[in-house]
file work.pdb (PDB, C-alpha atoms, pLDDT in the B column)
MODEL        1
ATOM      1  CA  SER A 276       0.000   0.000   0.000  1.00 45.00           C
ATOM      2  CA  GLU A 277       1.004   3.617  -0.514  1.00 51.00           C
ATOM      3  CA  VAL A 278       3.023   5.209   2.268  1.00 54.00           C
ATOM      4  CA  PHE A 279       3.731   8.872   2.824  1.00 59.00           C
ATOM      5  CA  ASP A 280       5.101  11.089   5.531  1.00 69.00           C
ATOM      6  CA  PRO A 281       2.467  13.086   7.454  1.00 76.00           C
ATOM      7  CA  ASP A 282       3.419  16.424   8.963  1.00 84.00           C
ATOM      8  CA  VAL A 283       1.411  16.182  12.201  1.00 89.00           C
ATOM      9  CA  PHE A 284       1.036  13.311  14.670  1.00 92.00           C
ATOM     10  CA  GLU A 285      -1.767  12.981  17.207  1.00 93.00           C
ATOM     11  CA  PHE A 286      -1.736  10.734  20.254  1.00 94.00           C
ATOM     12  CA  ASP A 287      -3.273  10.345  23.706  1.00 97.00           C
ATOM     13  CA  LEU A 288      -1.443  10.016  27.007  1.00 98.00           C
ATOM     14  CA  ARG A 289      -2.175   8.455  30.381  1.00 98.00           C
ATOM     15  CA  LEU A 290      -0.083   8.460  33.551  1.00 98.00           C
ATOM     16  CA  THR A 291       1.376   5.335  35.185  1.00 98.00           C
ATOM     17  CA  ALA A 292       1.845   4.732  38.918  1.00 98.00           C
ATOM     18  CA  ASP A 293       5.466   5.880  38.631  1.00 98.00           C
ATOM     19  CA  ASP A 294       4.593   9.062  36.697  1.00 98.00           C
ATOM     20  CA  LYS A 295       5.460   7.891  33.197  1.00 98.00           C
ATOM     21  CA  LEU A 296       3.274   9.141  30.364  1.00 98.00           C
ATOM     22  CA  ILE A 297       2.302   6.251  28.112  1.00 98.00           C
ATOM     23  CA  ILE A 298       0.475   6.340  24.802  1.00 98.00           C
ATOM     24  CA  LEU A 299      -2.993   4.961  25.454  1.00 98.00           C
ATOM     25  CA  HIS A 300      -6.428   6.072  24.326  1.00 96.00           C
ATOM     26  CA  ASP A 301      -8.592   3.717  26.375  1.00 97.00           C
ATOM     27  CA  GLU A 302      -9.336   4.170  30.056  1.00 97.00           C
ATOM     28  CA  THR A 303      -7.949   0.739  30.919  1.00 98.00           C
ATOM     29  CA  LEU A 304      -5.335  -1.629  29.524  1.00 98.00           C
ATOM     30  CA  ASP A 305      -7.947  -4.360  29.051  1.00 98.00           C
ATOM     31  CA  GLU A 306      -9.194  -3.519  25.563  1.00 97.00           C
ATOM     32  CA  ILE A 307      -5.994  -3.735  23.513  1.00 97.00           C
ATOM     33  CA  THR A 308      -3.550  -5.815  25.578  1.00 98.00           C
ATOM     34  CA  ASP A 309      -3.460  -9.139  27.437  1.00 98.00           C
ATOM     35  CA  ALA A 310      -3.752  -7.296  30.773  1.00 98.00           C
ATOM     36  CA  VAL A 311      -6.757  -9.312  31.996  1.00 98.00           C
ATOM     37  CA  GLU A 312      -4.822 -12.538  31.523  1.00 98.00           C
ATOM     38  CA  TYR A 313      -1.530 -11.152  32.844  1.00 98.00           C
ATOM     39  CA  PHE A 314      -2.895  -9.453  35.983  1.00 98.00           C
ATOM     40  CA  GLY A 315      -5.708 -11.955  36.542  1.00 98.00           C
ATOM     41  CA  LYS A 316      -8.476  -9.380  36.737  1.00 98.00           C
ATOM     42  CA  THR A 317     -10.396  -6.766  34.785  1.00 98.00           C
ATOM     43  CA  GLU A 318     -10.419  -2.957  35.086  1.00 98.00           C
ATOM     44  CA  ASN A 319      -6.656  -2.600  34.850  1.00 98.00           C
ATOM     45  CA  TYR A 320      -6.113   1.145  34.971  1.00 98.00           C
ATOM     46  CA  PRO A 321      -2.601   2.244  33.934  1.00 98.00           C
ATOM     47  CA  GLU A 322      -2.307   4.604  36.916  1.00 98.00           C
ATOM     48  CA  ASN A 323      -2.360   1.526  39.159  1.00 98.00           C
ATOM     49  CA  TYR A 324       0.728  -0.055  37.577  1.00 98.00           C
ATOM     50  CA  THR A 325       4.322   0.960  37.043  1.00 98.00           C
ATOM     51  CA  TYR A 326       5.840   1.328  33.614  1.00 98.00           C
ATOM     52  CA  ASP A 327       7.891  -1.849  34.177  1.00 98.00           C
ATOM     53  CA  GLU A 328       4.743  -3.837  34.954  1.00 98.00           C
ATOM     54  CA  ILE A 329       2.942  -2.515  31.887  1.00 98.00           C
ATOM     55  CA  TYR A 330       6.019  -3.233  29.742  1.00 98.00           C
ATOM     56  CA  ASN A 331       5.289  -6.967  30.112  1.00 98.00           C
ATOM     57  CA  LEU A 332       2.027  -6.654  28.151  1.00 98.00           C
ATOM     58  CA  ASN A 333       1.413  -7.303  24.460  1.00 98.00           C
ATOM     59  CA  PHE A 334       0.036  -4.068  22.987  1.00 98.00           C
ATOM     60  CA  GLY A 335      -0.627  -5.848  19.695  1.00 98.00           C
ATOM     61  CA  GLU A 336      -2.925  -8.429  21.262  1.00 98.00           C
ATOM     62  CA  THR A 337      -6.144  -7.243  19.594  1.00 97.00           C
ATOM     63  CA  PHE A 338      -4.649  -5.477  16.556  1.00 96.00           C
ATOM     64  CA  LYS A 339      -6.403  -6.338  13.292  1.00 94.00           C
ATOM     65  CA  ASN A 340      -4.862  -5.851   9.869  1.00 91.00           C
ATOM     66  CA  GLN A 341      -6.813  -4.912   6.733  1.00 84.00           C
ATOM     67  CA  ASP A 342      -7.811  -8.552   6.231  1.00 93.00           C
ATOM     68  CA  GLY A 343      -9.287  -8.775   9.726  1.00 94.00           C
ATOM     69  CA  GLU A 344      -6.475 -10.986  10.990  1.00 97.00           C
ATOM     70  CA  THR A 345      -4.842 -10.663  14.435  1.00 97.00           C
ATOM     71  CA  PRO A 346      -1.198 -11.493  13.635  1.00 97.00           C
ATOM     72  CA  TYR A 347       0.196 -10.612  17.074  1.00 98.00           C
ATOM     73  CA  LYS A 348      -2.420 -12.247  19.264  1.00 98.00           C
ATOM     74  CA  GLY A 349      -0.982 -14.733  21.751  1.00 98.00           C
ATOM     75  CA  LEU A 350       2.573 -13.406  21.870  1.00 98.00           C
ATOM     76  CA  ARG A 351       3.863 -13.596  25.428  1.00 98.00           C
ATOM     77  CA  GLY A 352       7.047 -12.949  27.387  1.00 97.00           C
ATOM     78  CA  GLU A 353      10.223 -12.720  25.344  1.00 97.00           C
ATOM     79  CA  ASP A 354       8.247 -13.404  22.149  1.00 98.00           C
ATOM     80  CA  ILE A 355       6.749  -9.899  22.325  1.00 98.00           C
ATOM     81  CA  PRO A 356       8.907  -7.621  20.140  1.00 98.00           C
ATOM     82  CA  ASP A 357       9.855  -4.189  21.459  1.00 96.00           C
ATOM     83  CA  ASN A 358       7.594  -2.428  18.965  1.00 96.00           C
ATOM     84  CA  LEU A 359       4.543  -4.181  20.463  1.00 98.00           C
ATOM     85  CA  ARG A 360       5.306  -3.097  24.024  1.00 98.00           C
ATOM     86  CA  VAL A 361       4.159   0.059  25.754  1.00 98.00           C
ATOM     87  CA  ALA A 362       5.529   3.331  24.389  1.00 98.00           C
ATOM     88  CA  THR A 363       6.016   6.500  26.403  1.00 98.00           C
ATOM     89  CA  ALA A 364       5.594  10.041  25.178  1.00 98.00           C
ATOM     90  CA  THR A 365       9.367  10.376  25.290  1.00 98.00           C
ATOM     91  CA  ASP A 366       9.783   7.219  23.192  1.00 97.00           C
ATOM     92  CA  ALA A 367       7.418   8.458  20.506  1.00 97.00           C
ATOM     93  CA  LEU A 368       8.689  12.027  20.370  1.00 98.00           C
ATOM     94  CA  SER A 369      12.340  10.989  20.369  1.00 98.00           C
ATOM     95  CA  TYR A 370      11.792   8.518  17.541  1.00 96.00           C
ATOM     96  CA  LEU A 371       9.888  11.015  15.421  1.00 96.00           C
ATOM     97  CA  GLU A 372      12.323  13.853  16.032  1.00 96.00           C
ATOM     98  CA  GLU A 373      15.202  11.600  14.978  1.00 96.00           C
ATOM     99  CA  ASN A 374      13.451  11.122  11.636  1.00 93.00           C
ATOM    100  CA  GLY A 375      12.157  14.600  10.866  1.00 92.00           C
ATOM    101  CA  GLU A 376      10.637  17.778  12.247  1.00 93.00           C
ATOM    102  CA  TYR A 377       6.964  17.406  12.969  1.00 95.00           C
ATOM    103  CA  TYR A 378       4.069  19.043  14.755  1.00 96.00           C
ATOM    104  CA  TYR A 379       2.057  17.261  17.433  1.00 97.00           C
ATOM    105  CA  SER A 380      -1.419  17.239  18.898  1.00 96.00           C
ATOM    106  CA  ILE A 381      -1.293  15.570  22.305  1.00 98.00           C
ATOM    107  CA  GLU A 382      -4.330  14.809  24.441  1.00 97.00           C
ATOM    108  CA  ILE A 383      -4.112  14.358  28.208  1.00 98.00           C
ATOM    109  CA  LYS A 384      -6.663  11.675  29.025  1.00 98.00           C
ATOM    110  CA  ASN A 385      -6.407  11.781  32.823  1.00 97.00           C
ATOM    111  CA  SER A 386      -8.585  14.114  34.876  1.00 96.00           C
ATOM    112  CA  GLY A 387      -8.309  15.577  38.366  1.00 97.00           C
ATOM    113  CA  GLU A 388      -5.016  15.343  40.220  1.00 98.00           C
ATOM    114  CA  LEU A 389      -3.762  12.687  37.818  1.00 98.00           C
ATOM    115  CA  GLY A 390      -4.417  15.082  34.952  1.00 98.00           C
ATOM    116  CA  PHE A 391      -2.559  17.912  36.680  1.00 98.00           C
ATOM    117  CA  LYS A 392       0.417  15.624  37.262  1.00 98.00           C
ATOM    118  CA  ALA A 393       0.264  14.457  33.648  1.00 98.00           C
ATOM    119  CA  ALA A 394       0.339  18.096  32.528  1.00 98.00           C
ATOM    120  CA  ASP A 395       3.411  18.739  34.680  1.00 98.00           C
ATOM    121  CA  VAL A 396       5.235  15.702  33.296  1.00 98.00           C
ATOM    122  CA  LEU A 397       4.285  16.534  29.712  1.00 98.00           C
ATOM    123  CA  TYR A 398       5.450  20.123  30.037  1.00 98.00           C
ATOM    124  CA  GLY A 399       8.790  18.908  31.371  1.00 98.00           C
ATOM    125  CA  ILE A 400       9.234  16.591  28.394  1.00 98.00           C
ATOM    126  CA  LEU A 401       8.276  19.229  25.843  1.00 98.00           C
ATOM    127  CA  SER A 402      10.517  21.815  27.481  1.00 98.00           C
ATOM    128  CA  ASP A 403      13.511  19.468  27.586  1.00 98.00           C
ATOM    129  CA  MET A 404      13.016  18.583  23.916  1.00 98.00           C
ATOM    130  CA  ASN A 405      12.371  22.190  22.804  1.00 98.00           C
ATOM    131  CA  LEU A 406       8.986  21.210  21.364  1.00 98.00           C
ATOM    132  CA  ILE A 407       6.686  23.676  23.090  1.00 98.00           C
ATOM    133  CA  ASP A 408       6.209  25.721  19.916  1.00 97.00           C
ATOM    134  CA  ARG A 409       5.241  22.644  17.895  1.00 97.00           C
ATOM    135  CA  VAL A 410       2.611  21.102  20.159  1.00 98.00           C
ATOM    136  CA  ILE A 411      -1.102  21.571  20.734  1.00 97.00           C
ATOM    137  CA  VAL A 412      -2.280  20.167  24.062  1.00 98.00           C
ATOM    138  CA  ALA A 413      -5.859  18.904  24.244  1.00 97.00           C
ATOM    139  CA  SER A 414      -8.158  17.622  26.968  1.00 96.00           C
ATOM    140  CA  PHE A 415     -11.887  17.039  27.362  1.00 93.00           C
ATOM    141  CA  ASN A 416     -11.509  18.175  30.973  1.00 95.00           C
ATOM    142  CA  LYS A 417     -11.821  21.929  31.457  1.00 95.00           C
ATOM    143  CA  ASP A 418      -9.958  21.805  34.786  1.00 97.00           C
ATOM    144  CA  ILE A 419      -6.865  20.463  33.034  1.00 97.00           C
ATOM    145  CA  LEU A 420      -7.017  23.218  30.412  1.00 97.00           C
ATOM    146  CA  HIS A 421      -7.437  25.884  33.101  1.00 97.00           C
ATOM    147  CA  TYR A 422      -4.449  24.342  34.884  1.00 98.00           C
ATOM    148  CA  LEU A 423      -2.423  24.797  31.694  1.00 97.00           C
ATOM    149  CA  ASP A 424      -3.530  28.439  31.492  1.00 96.00           C
ATOM    150  CA  GLU A 425      -2.418  29.093  35.052  1.00 97.00           C
ATOM    151  CA  ASN A 426       0.856  27.188  35.021  1.00 98.00           C
ATOM    152  CA  TYR A 427       2.018  26.887  31.411  1.00 98.00           C
ATOM    153  CA  PRO A 428       0.466  29.763  29.459  1.00 96.00           C
ATOM    154  CA  GLU A 429       3.091  29.395  26.706  1.00 96.00           C
ATOM    155  CA  LEU A 430       1.495  26.095  25.666  1.00 97.00           C
ATOM    156  CA  THR A 431      -1.046  26.161  22.848  1.00 97.00           C
ATOM    157  CA  ARG A 432      -4.272  24.506  23.945  1.00 97.00           C
ATOM    158  CA  THR A 433      -7.637  23.534  22.528  1.00 97.00           C
ATOM    159  CA  GLY A 434     -11.001  24.818  23.674  1.00 96.00           C
ATOM    160  CA  TYR A 435     -13.332  22.694  25.821  1.00 94.00           C
ATOM    161  CA  ASN A 436     -17.031  22.137  25.200  1.00 92.00           C
ATOM    162  CA  VAL A 437     -18.412  25.295  26.847  1.00 93.00           C
ATOM    163  CA  GLU A 438     -15.816  27.460  25.080  1.00 95.00           C
ATOM    164  CA  VAL A 439     -16.611  25.792  21.772  1.00 94.00           C
ATOM    165  CA  PHE A 440     -20.344  26.357  22.194  1.00 94.00           C
ATOM    166  CA  ARG A 441     -19.776  29.987  23.181  1.00 95.00           C
ATOM    167  CA  LEU A 442     -17.705  30.587  20.056  1.00 96.00           C
ATOM    168  CA  TYR A 443     -20.343  28.803  17.972  1.00 96.00           C
ATOM    169  CA  LEU A 444     -23.057  31.161  19.275  1.00 96.00           C
ATOM    170  CA  ASP A 445     -20.828  34.173  18.675  1.00 97.00           C
ATOM    171  CA  SER A 446     -20.243  33.006  15.102  1.00 97.00           C
ATOM    172  CA  LEU A 447     -23.991  32.809  14.395  1.00 96.00           C
ATOM    173  CA  PHE A 448     -24.362  36.529  15.058  1.00 96.00           C
ATOM    174  CA  ASP A 449     -20.812  37.492  14.006  1.00 96.00           C
ATOM    175  CA  ILE A 450     -20.254  39.184  17.363  1.00 97.00           C
ATOM    176  CA  GLU A 451     -17.170  41.373  17.544  1.00 97.00           C
ATOM    177  CA  ARG A 452     -14.916  40.260  20.379  1.00 96.00           C
ATOM    178  CA  PRO A 453     -11.775  42.104  21.532  1.00 95.00           C
ATOM    179  CA  GLU A 454      -8.387  40.562  20.854  1.00 92.00           C
ATOM    180  CA  GLY A 455      -7.564  37.985  23.518  1.00 90.00           C
ATOM    181  CA  TYR A 456     -11.203  37.391  24.434  1.00 94.00           C
ATOM    182  CA  TYR A 457     -10.866  33.662  23.769  1.00 95.00           C
ATOM    183  CA  ASN A 458      -8.369  31.800  25.947  1.00 93.00           C
ATOM    184  CA  PHE A 459      -7.662  29.071  23.414  1.00 95.00           C
ATOM    185  CA  ASP A 460      -5.996  28.954  20.014  1.00 95.00           C
ATOM    186  CA  VAL A 461      -7.429  25.816  18.453  1.00 97.00           C
ATOM    187  CA  LEU A 462     -10.819  24.179  17.971  1.00 96.00           C
ATOM    188  CA  GLN A 463     -10.561  20.394  17.725  1.00 96.00           C
ATOM    189  CA  VAL A 464     -14.080  19.157  17.082  1.00 95.00           C
ATOM    190  CA  PRO A 465     -16.163  16.695  15.080  1.00 95.00           C
ATOM    191  CA  PRO A 466     -18.126  18.522  12.382  1.00 94.00           C
ATOM    192  CA  ASP A 467     -21.523  16.970  13.067  1.00 87.00           C
ATOM    193  CA  LYS A 468     -21.597  14.801  16.182  1.00 79.00           C
ATOM    194  CA  TYR A 469     -22.797  17.445  18.635  1.00 77.00           C
ATOM    195  CA  VAL A 470     -26.247  18.994  18.983  1.00 81.00           C
ATOM    196  CA  VAL A 471     -25.105  21.866  16.773  1.00 89.00           C
ATOM    197  CA  ASN A 472     -23.419  21.691  13.374  1.00 93.00           C
ATOM    198  CA  LEU A 473     -19.790  22.735  13.748  1.00 95.00           C
ATOM    199  CA  GLY A 474     -18.873  21.984  10.151  1.00 96.00           C
ATOM    200  CA  THR A 475     -19.879  25.308   8.602  1.00 96.00           C
ATOM    201  CA  SER A 476     -18.105  28.081   6.740  1.00 96.00           C
ATOM    202  CA  LYS A 477     -19.636  30.596   9.146  1.00 96.00           C
ATOM    203  CA  LEU A 478     -17.891  28.963  12.116  1.00 97.00           C
ATOM    204  CA  VAL A 479     -14.581  28.476  10.275  1.00 98.00           C
ATOM    205  CA  ASN A 480     -14.510  32.084   9.042  1.00 98.00           C
ATOM    206  CA  TYR A 481     -15.433  33.480  12.451  1.00 98.00           C
ATOM    207  CA  ALA A 482     -12.771  31.389  14.179  1.00 98.00           C
ATOM    208  CA  HIS A 483     -10.161  32.562  11.681  1.00 98.00           C
ATOM    209  CA  LYS A 484     -11.184  36.165  12.243  1.00 97.00           C
ATOM    210  CA  ASN A 485     -10.351  35.573  15.923  1.00 97.00           C
ATOM    211  CA  ASN A 486      -7.031  33.829  15.136  1.00 96.00           C
ATOM    212  CA  ILE A 487      -8.356  30.402  16.102  1.00 97.00           C
ATOM    213  CA  ALA A 488      -7.485  27.341  14.012  1.00 97.00           C
ATOM    214  CA  VAL A 489     -10.247  24.830  13.198  1.00 97.00           C
ATOM    215  CA  GLN A 490      -9.303  21.149  13.175  1.00 97.00           C
ATOM    216  CA  TYR A 491     -11.815  18.353  12.582  1.00 97.00           C
ATOM    217  CA  TRP A 492     -11.823  14.739  13.808  1.00 95.00           C
ATOM    218  CA  THR A 493     -12.135  11.868  12.906  1.00 94.00           C
ATOM    219  CA  ILE A 494     -12.777  12.109   9.161  1.00 96.00           C
ATOM    220  CA  ASN A 495     -12.459   8.864   7.187  1.00 96.00           C
ATOM    221  CA  ASP A 496     -14.789   9.533   4.244  1.00 97.00           C
ATOM    222  CA  ALA A 497     -13.472  11.202   1.070  1.00 98.00           C
ATOM    223  CA  ASP A 498     -16.573  13.346   0.496  1.00 97.00           C
ATOM    224  CA  ASP A 499     -16.482  14.573   4.091  1.00 97.00           C
ATOM    225  CA  MET A 500     -12.812  15.449   3.620  1.00 97.00           C
ATOM    226  CA  ARG A 501     -13.597  17.436   0.481  1.00 98.00           C
ATOM    227  CA  ARG A 502     -16.428  19.334   2.169  1.00 97.00           C
ATOM    228  CA  LEU A 503     -14.251  20.370   5.111  1.00 97.00           C
ATOM    229  CA  ILE A 504     -11.315  21.315   2.915  1.00 97.00           C
ATOM    230  CA  GLU A 505     -13.617  23.545   0.885  1.00 96.00           C
ATOM    231  CA  LEU A 506     -14.839  25.169   4.103  1.00 96.00           C
ATOM    232  CA  GLY A 507     -11.243  26.276   4.694  1.00 96.00           C
ATOM    233  CA  CYS A 508     -10.495  24.176   7.777  1.00 97.00           C
ATOM    234  CA  ASP A 509      -6.918  24.056   9.015  1.00 96.00           C
ATOM    235  CA  CYS A 510      -6.544  20.348   9.733  1.00 94.00           C
ATOM    236  CA  ILE A 511      -8.277  17.040   9.190  1.00 94.00           C
ATOM    237  CA  MET A 512      -7.533  14.173  11.566  1.00 93.00           C
ATOM    238  CA  THR A 513      -8.085  10.770  10.022  1.00 92.00           C
ATOM    239  CA  ASP A 514      -7.466   7.065  10.495  1.00 89.00           C
ATOM    240  CA  ASP A 515      -6.759   6.861   6.744  1.00 90.00           C
ATOM    241  CA  PRO A 516      -3.931   9.282   5.894  1.00 89.00           C
ATOM    242  CA  VAL A 517      -3.424   7.674   2.464  1.00 89.00           C
ATOM    243  CA  LEU A 518      -7.011   8.517   1.503  1.00 93.00           C
ATOM    244  CA  LEU A 519      -6.588  12.055   2.805  1.00 93.00           C
ATOM    245  CA  LYS A 520      -3.429  12.488   0.743  1.00 92.00           C
ATOM    246  CA  GLN A 521      -5.288  11.361  -2.377  1.00 93.00           C
ATOM    247  CA  VAL A 522      -8.064  13.872  -1.689  1.00 96.00           C
ATOM    248  CA  LEU A 523      -5.581  16.685  -1.045  1.00 94.00           C
ATOM    249  CA  GLU A 524      -3.915  15.956  -4.393  1.00 93.00           C
ATOM    250  CA  GLU A 525      -7.190  16.984  -6.070  1.00 95.00           C
ATOM    251  CA  TYR A 526      -6.750  20.533  -4.780  1.00 92.00           C
ATOM    252  CA  LYS A 527      -3.218  21.131  -6.035  1.00 85.00           C
TER
ENDMDL
END
call {"tool": "encode", "arguments": {"input": "work.pdb", "output": "structure tokens"}}
result
Amino acid sequence: SEVFDPDVFEFDLRLTADDKLIILHDETLDEITDAVEYFGKTENYPENYTYDEIYNLNFGETFKNQDGETPYKGLRGEDIPDNLRVATATDALSYLEENGEYYYSIEIKNSGELGFKAADVLYGILSDMNLIDRVIVASFNKDILHYLDENYPELTRTGYNVEVFRLYLDSLFDIERPEGYYNFDVLQVPPDKYVVNLGTSKLVNYAHKNNIAVQYWTINDADDMRRLIELGCDCIMTDDPVLLKQVLEEYK
């Protein structure tokens, strides 16, 4: 299949018991690894285990290829290759930076005190690697985003649901807001999965007028990609980057 080099990578992070940030979307380790078998129970939250404990798991356990096969299922112990074990934020960023210069959208999945700690650890990593100017930090938890505002205002962050809805209402009436009125720089939203339709030229144009980028997720249909591109959006997040590249070629 066709391969190409994207310019932005998006991933989600969760904190371990020993304050490592690992790449994991799901709330528990159960869905994609052999954690239930390995730990002998369900509801295996990563914050309850150390990185070394989690390193023993097979992160390819439930992976399916395009033919629906699970080629890595059943690998255990020393048979698990390194690239199927847990990866940290540092692992991923170091690997990518050794192979190019990219931009990143990173979501903190933890909430509450765990989320605050995750924000602290992430900021330390980004600062050490001189990546602060190339990262957007996202969270569905408004307390985490307010924590970023208070402690790391130099980080670029997304808006949370109330902020998004407020901007949406402002866009309907094209309300003039003073510079700096909005505390966020990026909208990361689905175009049509909320009560209101966020995939409109009115919203995109209003956001741009207020220096806010509009980025849509998760778009896997070619016609949807074309519609959002023609609206003037700034980014499309997809599970099918090859398809997106083919669509983008139509606009060159």
call {"tool": "closest_residue", "arguments": {"input": "work.pdb", "among": "A:Asp305, A:Asn485, A:Lys527, A:Met404", "to": "Pro453 (chain A)", "atoms": "only C-alpha atoms"}}
result
A:Asn485
call {"tool": "closest_residue", "arguments": {"input": "work.pdb", "among": "A:Ile504, A:Val412, A:Ala364, A:Ala393", "to": "Asp424 (chain A)", "atoms": "only C-alpha atoms"}}
result
A:Val412
call {"tool": "atom_distance", "arguments": {"input": "work.pdb", "atom1": "CA of Leu442 (chain A)", "atom2": "CA of Pro465 (chain A)"}}
result
14.8 Å
call {"tool": "resolve_selection", "arguments": {"input": "work.pdb", "expression": "the PyMOL selection byres ((chain A and resi 333) around 7)", "output": "PyMOL selection string"}}
result
chain A and resi 308-309+331-332+334-336+350-351+355+359-360
call {"tool": "atom_distance", "arguments": {"input": "work.pdb", "atom1": "CA of Tyr456 (chain A)", "atom2": "CA of Thr433 (chain A)"}}
result
14.4 Å
call {"tool": "atom_distance", "arguments": {"input": "work.pdb", "atom1": "CA of Leu519 (chain A)", "atom2": "CA of Val439 (chain A)"}}
result
25.5 Å
call {"tool": "closest_residue", "arguments": {"input": "work.pdb", "among": "A:Tyr422, A:Tyr330, A:Tyr469, A:Phe338", "to": "Phe440 (chain A)", "atoms": "all atoms listed in the file"}}
result
A:Tyr469
call {"tool": "residues_around", "arguments": {"input": "work.pdb", "residues": "Leu420 (chain A)", "least_positions_apart": "3", "cutoff": "12 Å", "atoms": "all atoms listed in the file", "output": "number ranges by chain"}}
result
A: 382-387, 390-391, 393-394, 411-417, 423-428, 430-436, 438, 458-460
call {"tool": "closest_residue", "arguments": {"input": "work.pdb", "among": "A:Glu388, A:Glu451, A:Asn495, A:Ser369", "to": "Leu406 (chain A)", "atoms": "all atoms listed in the file"}}
result
A:Ser369
call {"tool": "closest_residue", "arguments": {"input": "work.pdb", "among": "A:Glu322, A:Phe284, A:Asn472, A:Arg441", "to": "Val410 (chain A)", "atoms": "all atoms listed in the file"}}
result
A:Phe284
call {"tool": "resolve_selection", "arguments": {"input": "work.pdb", "expression": "the PyMOL selection byres ((chain A and resi 483) around 12)", "output": "ChimeraX atom specification"}}
result
/A:442,446,449,460-462,476-482,484-490,506-509
call {"tool": "resolve_selection", "arguments": {"input": "work.pdb", "expression": "the PyMOL selection byres ((chain A and resi 365) around 10)", "output": "list in words"}}
result
Lys295, Leu296, Ile297, Ile298, Ala362, Thr363, Ala364, Asp366, Ala367, Leu368, Ser369, Tyr370, Leu371, Leu397, Ile400, Leu401 and Met404 of chain A
call {"tool": "axis_aligned_box", "arguments": {"input": "work.pdb", "around": "region 356-361 of chain A", "padding_each_side": "4 Å", "output": "AutoDock Vina command-line options"}}
result
--center_x 7.0 --center_y -3.8 --center_z 22.4 --size_x 13.7 --size_y 15.7 --size_z 14.8
call {"tool": "residues_around", "arguments": {"input": "work.pdb", "residues": "Thr291 (chain A)", "least_positions_apart": "5", "cutoff": "9 Å", "atoms": "all atoms listed in the file", "output": "list in words"}}
result
Leu296, Ile297, Tyr320, Pro321, Glu322, Asn323, Tyr324, Thr325, Tyr326 and Ile329 of chain A
call {"tool": "closest_residue", "arguments": {"input": "work.pdb", "among": "A:Arg289, A:Arg452, A:Lys316, A:Lys468", "to": "Lys392 (chain A)", "atoms": "all atoms listed in the file"}}
result
A:Arg289
call {"tool": "build_atoms", "arguments": {"input": "work.pdb", "residues": "region 290-302 of chain A", "atoms": "N, CA and C atoms", "output": "PDB file, in the coordinates of the input"}}
result
ATOM      1  N   LEU A 290      -1.162   8.523  32.564  1.00 98.00           N
ATOM      2  CA  LEU A 290      -0.083   8.460  33.551  1.00 98.00           C
ATOM      3  C   LEU A 290      -0.022   7.076  34.197  1.00 98.00           C
ATOM      4  N   THR A 291       1.191   6.585  34.447  1.00 98.00           N
ATOM      5  CA  THR A 291       1.376   5.335  35.185  1.00 98.00           C
ATOM      6  C   THR A 291       1.568   5.636  36.672  1.00 98.00           C
ATOM      7  N   ALA A 292       1.664   4.574  37.470  1.00 98.00           N
ATOM      8  CA  ALA A 292       1.845   4.732  38.918  1.00 98.00           C
ATOM      9  C   ALA A 292       3.165   5.395  39.251  1.00 98.00           C
ATOM     10  N   ASP A 293       4.162   5.249  38.379  1.00 98.00           N
ATOM     11  CA  ASP A 293       5.466   5.880  38.631  1.00 98.00           C
ATOM     12  C   ASP A 293       5.683   7.103  37.740  1.00 98.00           C
ATOM     13  N   ASP A 294       4.575   7.759  37.375  1.00 98.00           N
ATOM     14  CA  ASP A 294       4.593   9.062  36.697  1.00 98.00           C
ATOM     15  C   ASP A 294       5.251   9.038  35.323  1.00 98.00           C
ATOM     16  N   LYS A 295       5.075   7.938  34.598  1.00 98.00           N
ATOM     17  CA  LYS A 295       5.460   7.891  33.197  1.00 98.00           C
ATOM     18  C   LYS A 295       4.215   8.172  32.357  1.00 98.00           C
ATOM     19  N   LEU A 296       4.383   8.890  31.272  1.00 98.00           N
ATOM     20  CA  LEU A 296       3.274   9.141  30.364  1.00 98.00           C
ATOM     21  C   LEU A 296       3.331   8.128  29.230  1.00 98.00           C
ATOM     22  N   ILE A 297       2.323   7.259  29.163  1.00 98.00           N
ATOM     23  CA  ILE A 297       2.302   6.251  28.112  1.00 98.00           C
ATOM     24  C   ILE A 297       1.227   6.591  27.080  1.00 98.00           C
ATOM     25  N   ILE A 298       1.440   6.111  25.867  1.00 98.00           N
ATOM     26  CA  ILE A 298       0.475   6.340  24.802  1.00 98.00           C
ATOM     27  C   ILE A 298      -0.650   5.324  24.941  1.00 98.00           C
ATOM     28  N   LEU A 299      -1.835   5.833  25.261  1.00 98.00           N
ATOM     29  CA  LEU A 299      -2.993   4.961  25.454  1.00 98.00           C
ATOM     30  C   LEU A 299      -4.262   5.793  25.345  1.00 98.00           C
ATOM     31  N   HIS A 300      -5.158   5.377  24.475  1.00 96.00           N
ATOM     32  CA  HIS A 300      -6.428   6.072  24.326  1.00 96.00           C
ATOM     33  C   HIS A 300      -7.446   5.599  25.351  1.00 96.00           C
ATOM     34  N   ASP A 301      -7.537   4.283  25.534  1.00 97.00           N
ATOM     35  CA  ASP A 301      -8.592   3.717  26.375  1.00 97.00           C
ATOM     36  C   ASP A 301      -8.349   3.995  27.854  1.00 97.00           C
ATOM     37  N   GLU A 302      -9.424   3.905  28.624  1.00 97.00           N
ATOM     38  CA  GLU A 302      -9.336   4.170  30.056  1.00 97.00           C
ATOM     39  C   GLU A 302      -8.550   3.090  30.788  1.00 97.00           C
TER      40      GLU A 302
END
